Amino acid sequence: DAGVIQSPRHEVTEMGQEVTLRCKPISGHNSLFWYRQTMMRGLELLIYFNNNVPIDDSGMPEDRFSAKMPNASFSTLKIQPSEPRDSAVYFCASSLFGADTQYFGPGTRLTVL
Amino acid sequence: DAKTTQPPSMDCAEGRAANLPCNHSTISGNEYVYWYRQIHSQGPQYIIHGLKNNETNEMASLIITEDRKSSTLILPHATLRDTAVYYCIVRVRDDKIIFGKGTRLHILP
């Protein structure tokens with residue numbers, strides 16, 4: 001298995017632009033998680049899905065952030081409009097539904113100028 | 001979720017056993033102890049977990065005290081590739097993971 005796949009690996013954009021991050025979970029996994037990591041705040045859970053349904057989005061910082069999971073093999077995290085303080089590494093992870101282990105992707109490093 | 005306390009950093013000589021402590025004095029009876037690690041610029045990686053008994057796998061051993069208020073992750077023969085931030089997490093099984101600051105482990109050649 002290729003593991004969790006994220007794209008792009010690096011994104012540089014200007015303030016005010018829309019940013020879309022993509023994630024393909026491991027085949028057969030039913031839970032998907034989006035995290036954000038910064039030096040100041042560490043690793044934060046933004047949102048997670050079970051069977052494509054958002055379960056907990058309490059970590060989503062504000063309305064500029066939205067996440068979707070249209071099917072079991074694809075999820076997006078969108079930021080619109082982007083701001084410099086959104087600069088971070090965004091990780092996607094997946095797990096079997098109700099399982100212990102989360103498998104993380106390589107992350108997307110986002111820089112908003 | 002119960003809160004965990006870990007030292008911010010530790011050093012270990014290459015080839016020696018690395019023992020990483022974690023305090024979780026408020027852990028509940030149904031909460032598991034999990035360990036993840038994050039090597040620089042990579043996503044976190046699952047290492048091991050346990051409830052009451054000690055556990056061992058190909059990566060590490062987990063020793064949980066009888067009162068479950070603390071645990072130790074043991075890397076039996078540390079290598080330079082084990083340099084990473086190690087996170088100790090307690091959670092109810094299937095619940096979301098809340099990452100703390102972890103312990104930055106430096107393996108010294």
# chains A, B, ... in the order shown; residues from 1 in each chain; ligands from 1
>>> residues_around(residues="Glu83 (chain A)", least_positions_apart="5", cutoff="8 Å", atoms="only C-alpha atoms", output="number ranges by chain")
A: 14-16, 112-113
>>> residues_around(residues="region 84-101 of chain A", least_positions_apart="3", cutoff="7 Å", atoms="only C-alpha atoms", output="number ranges by chain")
A: 4, 15, 23, 25-26, 29-38, 50, 104-113; B: 43, 46, 93-94
>>> write_last_selection(atoms="N, CA and C atoms", output="PDB file, in the first residue's frame")
ATOM      1  N   VAL A   4      -0.806   7.000   3.126  1.00  0.00           N
ATOM      2  CA  VAL A   4      -1.625   8.199   2.932  1.00  0.00           C
ATOM      3  C   VAL A   4      -0.900   9.133   1.966  1.00  0.00           C
ATOM      4  N   MET A  15      -1.389  36.083   0.092  1.00  0.00           N
ATOM      5  CA  MET A  15      -2.520  36.376   0.966  1.00  0.00           C
ATOM      6  C   MET A  15      -3.763  36.694   0.129  1.00  0.00           C
ATOM      7  N   CYS A  23      -6.028  14.943   0.041  1.00  0.00           N
ATOM      8  CA  CYS A  23      -5.588  13.769   0.777  1.00  0.00           C
ATOM      9  C   CYS A  23      -6.291  12.529   0.242  1.00  0.00           C
ATOM     10  N   PRO A  25      -6.685   8.745   1.586  1.00  0.00           N
ATOM     11  CA  PRO A  25      -6.382   7.868   2.716  1.00  0.00           C
ATOM     12  C   PRO A  25      -5.998   6.469   2.243  1.00  0.00           C
ATOM     13  N   ILE A  26      -5.543   5.660   3.175  1.00  0.00           N
ATOM     14  CA  ILE A  26      -5.227   4.277   2.866  1.00  0.00           C
ATOM     15  C   ILE A  26      -6.515   3.542   2.517  1.00  0.00           C
ATOM     16  N   HIS A  29      -9.564   2.230   4.892  1.00  0.00           N
ATOM     17  CA  HIS A  29      -9.697   3.002   6.123  1.00  0.00           C
ATOM     18  C   HIS A  29     -10.970   3.834   6.080  1.00  0.00           C
ATOM     19  N   ASN A  30     -11.623   3.923   7.227  1.00  0.00           N
ATOM     20  CA  ASN A  30     -12.910   4.613   7.284  1.00  0.00           C
ATOM     21  C   ASN A  30     -12.856   5.950   8.016  1.00  0.00           C
ATOM     22  N   SER A  31     -11.741   6.220   8.665  1.00  0.00           N
ATOM     23  CA  SER A  31     -11.618   7.477   9.405  1.00  0.00           C
ATOM     24  C   SER A  31     -10.489   8.312   8.820  1.00  0.00           C
ATOM     25  N   LEU A  32     -10.729   9.599   8.730  1.00  0.00           N
ATOM     26  CA  LEU A  32      -9.722  10.501   8.166  1.00  0.00           C
ATOM     27  C   LEU A  32      -9.615  11.741   9.029  1.00  0.00           C
ATOM     28  N   PHE A  33      -8.390  12.198   9.212  1.00  0.00           N
ATOM     29  CA  PHE A  33      -8.093  13.303  10.132  1.00  0.00           C
ATOM     30  C   PHE A  33      -7.253  14.343   9.413  1.00  0.00           C
ATOM     31  N   TRP A  34      -7.546  15.609   9.694  1.00  0.00           N
ATOM     32  CA  TRP A  34      -6.698  16.716   9.243  1.00  0.00           C
ATOM     33  C   TRP A  34      -6.085  17.399  10.465  1.00  0.00           C
ATOM     34  N   TYR A  35      -4.750  17.568  10.414  1.00  0.00           N
ATOM     35  CA  TYR A  35      -4.001  18.233  11.472  1.00  0.00           C
ATOM     36  C   TYR A  35      -3.233  19.408  10.887  1.00  0.00           C
ATOM     37  N   ARG A  36      -2.901  20.341  11.761  1.00  0.00           N
ATOM     38  CA  ARG A  36      -2.037  21.464  11.396  1.00  0.00           C
ATOM     39  C   ARG A  36      -0.913  21.538  12.421  1.00  0.00           C
ATOM     40  N   GLN A  37       0.312  21.799  11.951  1.00  0.00           N
ATOM     41  CA  GLN A  37       1.437  21.884  12.858  1.00  0.00           C
ATOM     42  C   GLN A  37       2.214  23.168  12.640  1.00  0.00           C
ATOM     43  N   THR A  38       2.398  23.911  13.719  1.00  0.00           N
ATOM     44  CA  THR A  38       3.232  25.108  13.713  1.00  0.00           C
ATOM     45  C   THR A  38       4.178  25.042  14.897  1.00  0.00           C
ATOM     46  N   ASN A  50     -15.654  10.145   9.977  1.00  0.00           N
ATOM     47  CA  ASN A  50     -15.894   8.709  10.024  1.00  0.00           C
ATOM     48  C   ASN A  50     -16.870   8.373   8.896  1.00  0.00           C
ATOM     49  N   PHE A 104      -0.133   8.603   9.180  1.00  0.00           N
ATOM     50  CA  PHE A 104      -0.030   9.978   8.704  1.00  0.00           C
ATOM     51  C   PHE A 104       0.597  10.050   7.320  1.00  0.00           C
ATOM     52  N   GLY A 105       0.147  11.044   6.575  1.00  0.00           N
ATOM     53  CA  GLY A 105       0.779  11.344   5.306  1.00  0.00           C
ATOM     54  C   GLY A 105       2.026  12.195   5.510  1.00  0.00           C
ATOM     55  N   PRO A 106       2.712  12.521   4.413  1.00  0.00           N
ATOM     56  CA  PRO A 106       3.969  13.275   4.516  1.00  0.00           C
ATOM     57  C   PRO A 106       3.759  14.756   4.805  1.00  0.00           C
ATOM     58  N   GLY A 107       2.533  15.224   4.674  1.00  0.00           N
ATOM     59  CA  GLY A 107       2.253  16.624   4.988  1.00  0.00           C
ATOM     60  C   GLY A 107       2.353  17.539   3.774  1.00  0.00           C
ATOM     61  N   THR A 108       1.668  18.666   3.879  1.00  0.00           N
ATOM     62  CA  THR A 108       1.772  19.755   2.896  1.00  0.00           C
ATOM     63  C   THR A 108       2.291  20.981   3.625  1.00  0.00           C
ATOM     64  N   ARG A 109       3.423  21.495   3.164  1.00  0.00           N
ATOM     65  CA  ARG A 109       3.969  22.715   3.771  1.00  0.00           C
ATOM     66  C   ARG A 109       3.392  23.913   3.037  1.00  0.00           C
ATOM     67  N   LEU A 110       2.579  24.682   3.739  1.00  0.00           N
ATOM     68  CA  LEU A 110       1.911  25.843   3.159  1.00  0.00           C
ATOM     69  C   LEU A 110       2.578  27.122   3.629  1.00  0.00           C
ATOM     70  N   THR A 111       2.912  27.957   2.681  1.00  0.00           N
ATOM     71  CA  THR A 111       3.459  29.279   2.978  1.00  0.00           C
ATOM     72  C   THR A 111       2.571  30.316   2.324  1.00  0.00           C
ATOM     73  N   VAL A 112       2.024  31.205   3.150  1.00  0.00           N
ATOM     74  CA  VAL A 112       1.175  32.287   2.641  1.00  0.00           C
ATOM     75  C   VAL A 112       1.932  33.592   2.816  1.00  0.00           C
ATOM     76  N   LEU A 113       2.211  34.232   1.702  1.00  0.00           N
ATOM     77  CA  LEU A 113       3.019  35.457   1.731  1.00  0.00           C
ATOM     78  C   LEU A 113       2.156  36.701   1.921  1.00  0.00           C
TER      79      LEU A 113
ATOM     80  N   GLY B  43       5.494  13.041   8.956  1.00  0.00           N
ATOM     81  CA  GLY B  43       4.283  12.900   9.749  1.00  0.00           C
ATOM     82  C   GLY B  43       4.529  12.001  10.946  1.00  0.00           C
ATOM     83  N   TYR B  46       3.076   5.914  14.471  1.00  0.00           N
ATOM     84  CA  TYR B  46       2.652   5.110  15.623  1.00  0.00           C
ATOM     85  C   TYR B  46       3.786   4.194  16.059  1.00  0.00           C
ATOM     86  N   ARG B  93     -10.012   4.452  23.747  1.00  0.00           N
ATOM     87  CA  ARG B  93      -9.834   3.820  22.444  1.00  0.00           C
ATOM     88  C   ARG B  93     -10.853   4.354  21.448  1.00  0.00           C
ATOM     89  N   ASP B  94     -10.401   4.620  20.248  1.00  0.00           N
ATOM     90  CA  ASP B  94     -11.219   5.120  19.143  1.00  0.00           C
ATOM     91  C   ASP B  94     -11.473   6.620  19.232  1.00  0.00           C
TER      92      ASP B  94
END
>>> closest_residue(among="A:Met39, A:Ile47, A:Val53, A:Val12", to="Phe65 (chain A)", atoms="only C-alpha atoms")
A:Ile47
>>> residues_around(residues="Tyr32 (chain B)", least_positions_apart="5", cutoff="9 Å", atoms="only C-alpha atoms", output="PyMOL selection string")
chain B and resi 27+49-52+89-93
>>> residues_around(residues="region 65-70 of chain B", least_positions_apart="5", cutoff="10 Å", atoms="only C-alpha atoms", output="ChimeraX atom specification")
/B:4-5,21-29,31-33,51-54
>>> write_last_selection(atoms="N, CA and C atoms", output="short mmCIF file (atom, residue, chain, number, x, y, z; two decimals), in the first residue's frame")
data_model
loop_
_atom_site.label_atom_id
_atom_site.label_comp_id
_atom_site.auth_asym_id
_atom_site.auth_seq_id
_atom_site.Cartn_x
_atom_site.Cartn_y
_atom_site.Cartn_z
N THR B 4 -0.80 14.39 30.07
CA THR B 4 0.48 13.70 30.24
C THR B 4 1.58 14.72 30.46
N THR B 5 2.62 14.30 31.15
CA THR B 5 3.80 15.12 31.39
C THR B 5 5.02 14.37 30.93
N PRO B 21 10.28 8.61 29.79
CA PRO B 21 9.22 8.54 30.79
C PRO B 21 8.00 9.38 30.43
N CYS B 22 6.88 9.00 31.01
CA CYS B 22 5.65 9.76 30.82
C CYS B 22 4.80 9.62 32.08
N ASN B 23 4.36 10.75 32.62
CA ASN B 23 3.46 10.73 33.76
C ASN B 23 2.03 11.01 33.31
N HIS B 24 1.11 10.21 33.80
CA HIS B 24 -0.31 10.39 33.46
C HIS B 24 -1.12 10.02 34.69
N SER B 25 -0.96 10.82 35.74
CA SER B 25 -1.51 10.48 37.06
C SER B 25 -3.04 10.51 37.10
N THR B 26 -3.67 11.18 36.13
CA THR B 26 -5.14 11.26 36.15
C THR B 26 -5.79 10.33 35.14
N ILE B 27 -5.06 9.35 34.69
CA ILE B 27 -5.58 8.44 33.67
C ILE B 27 -6.79 7.68 34.20
N SER B 28 -7.77 7.50 33.32
CA SER B 28 -8.98 6.76 33.69
C SER B 28 -8.82 5.29 33.34
N GLY B 29 -9.70 4.48 33.92
CA GLY B 29 -9.58 3.04 33.74
C GLY B 29 -9.72 2.56 32.31
N GLU B 31 -8.76 4.37 29.61
CA GLU B 31 -7.86 5.10 28.72
C GLU B 31 -6.58 4.31 28.48
N TYR B 32 -6.18 4.28 27.22
CA TYR B 32 -4.97 3.60 26.81
C TYR B 32 -3.81 4.59 26.79
N VAL B 33 -2.61 4.06 26.89
CA VAL B 33 -1.39 4.85 26.71
C VAL B 33 -0.85 4.55 25.32
N LEU B 51 -2.75 -0.88 27.71
CA LEU B 51 -3.76 -0.52 28.69
C LEU B 51 -3.25 -0.76 30.11
N LYS B 52 -2.92 -1.99 30.41
CA LYS B 52 -2.44 -2.33 31.75
C LYS B 52 -1.12 -3.09 31.69
N ASN B 53 -1.05 -4.02 30.76
CA ASN B 53 0.12 -4.89 30.70
C ASN B 53 1.24 -4.25 29.90
N ASN B 54 2.44 -4.71 30.16
CA ASN B 54 3.57 -4.27 29.36
C ASN B 54 3.43 -4.83 27.95
#
>>> closest_residue(among="B:Ile97, B:Leu20, B:Ile74, B:Met10", to="chain A", atoms="only C-alpha atoms")
B:Ile97
>>> closest_residue(among="A:Ser58, A:Thr20, A:Ser73, A:Gln80", to="Gly3 (chain A)", atoms="only C-alpha atoms")
A:Ser73
>>> closest_residue(among="A:Pro61, A:Gly42, A:Pro70, A:Pro54", to="chain B", atoms="only C-alpha atoms")
A:Gly42
>>> atom_distance(atom1="CA of Gln6 (chain A)", atom2="CA of Leu21 (chain A)")
7.5 Å
>>> select_by_dssp(residues="region 22-107 of chain A", states="strand (DSSP E)", output="compact mmCIF listing (two decimals) with C-alpha atoms, in the first residue's frame")
# COMPACT_ATOMS: atom_id res chain seq x y z
CA ARG A 22 -5.77 17.11 -0.95
CA CYS A 23 -5.59 13.77 0.78
CA LYS A 24 -6.05 10.18 -0.29
CA SER A 31 -11.62 7.48 9.40
CA LEU A 32 -9.72 10.50 8.17
CA PHE A 33 -8.09 13.30 10.13
CA TRP A 34 -6.70 16.72 9.24
CA TYR A 35 -4.00 18.23 11.47
CA ARG A 36 -2.04 21.46 11.40
CA GLN A 37 1.44 21.88 12.86
CA THR A 38 3.23 25.11 13.71
CA GLY A 42 2.38 22.25 17.90
CA LEU A 43 0.23 19.57 16.28
CA GLU A 44 -3.48 20.42 16.32
CA LEU A 45 -6.42 18.34 15.19
CA LEU A 46 -8.62 20.38 12.84
CA ILE A 47 -11.36 17.95 11.85
CA TYR A 48 -12.03 14.27 11.47
CA PHE A 49 -14.42 12.14 9.46
CA ASN A 50 -15.89 8.71 10.02
CA VAL A 53 -19.15 12.19 7.67
CA PRO A 54 -17.55 15.02 9.69
CA ILE A 55 -17.62 14.02 13.34
CA ASP A 56 -15.71 16.77 15.09
CA PHE A 65 -11.40 26.82 6.65
CA SER A 66 -13.59 24.08 5.23
CA ALA A 67 -13.10 20.35 4.71
CA LYS A 68 -14.95 17.84 2.61
CA MET A 69 -14.85 14.12 2.05
CA PRO A 70 -16.98 13.36 -1.02
CA ASN A 71 -16.01 9.68 -0.99
CA PHE A 74 -10.55 11.54 -1.18
CA SER A 75 -10.68 14.55 1.09
CA THR A 76 -9.91 18.24 0.71
CA LEU A 77 -9.07 21.03 3.11
CA LYS A 78 -9.75 24.47 1.71
CA ILE A 79 -8.68 27.84 2.99
CA ALA A 88 2.01 25.69 8.59
CA VAL A 89 2.45 22.03 7.75
CA TYR A 90 -0.89 20.32 7.23
CA PHE A 91 -1.06 16.58 7.82
CA CYS A 92 -3.72 14.13 6.82
CA ALA A 93 -4.05 10.80 8.63
CA SER A 94 -6.33 7.80 8.26
CA SER A 95 -7.28 4.80 10.35
CA TYR A 103 -1.27 6.57 9.70
CA PHE A 104 -0.03 9.98 8.70
>>> atom_distance(atom1="CA of Cys88 (chain B)", atom2="CA of Gln102 (chain A)")
14.3 Å
>>> atom_distance(atom1="CA of Ala84 (chain B)", atom2="CA of Pro109 (chain B)")
14.7 Å
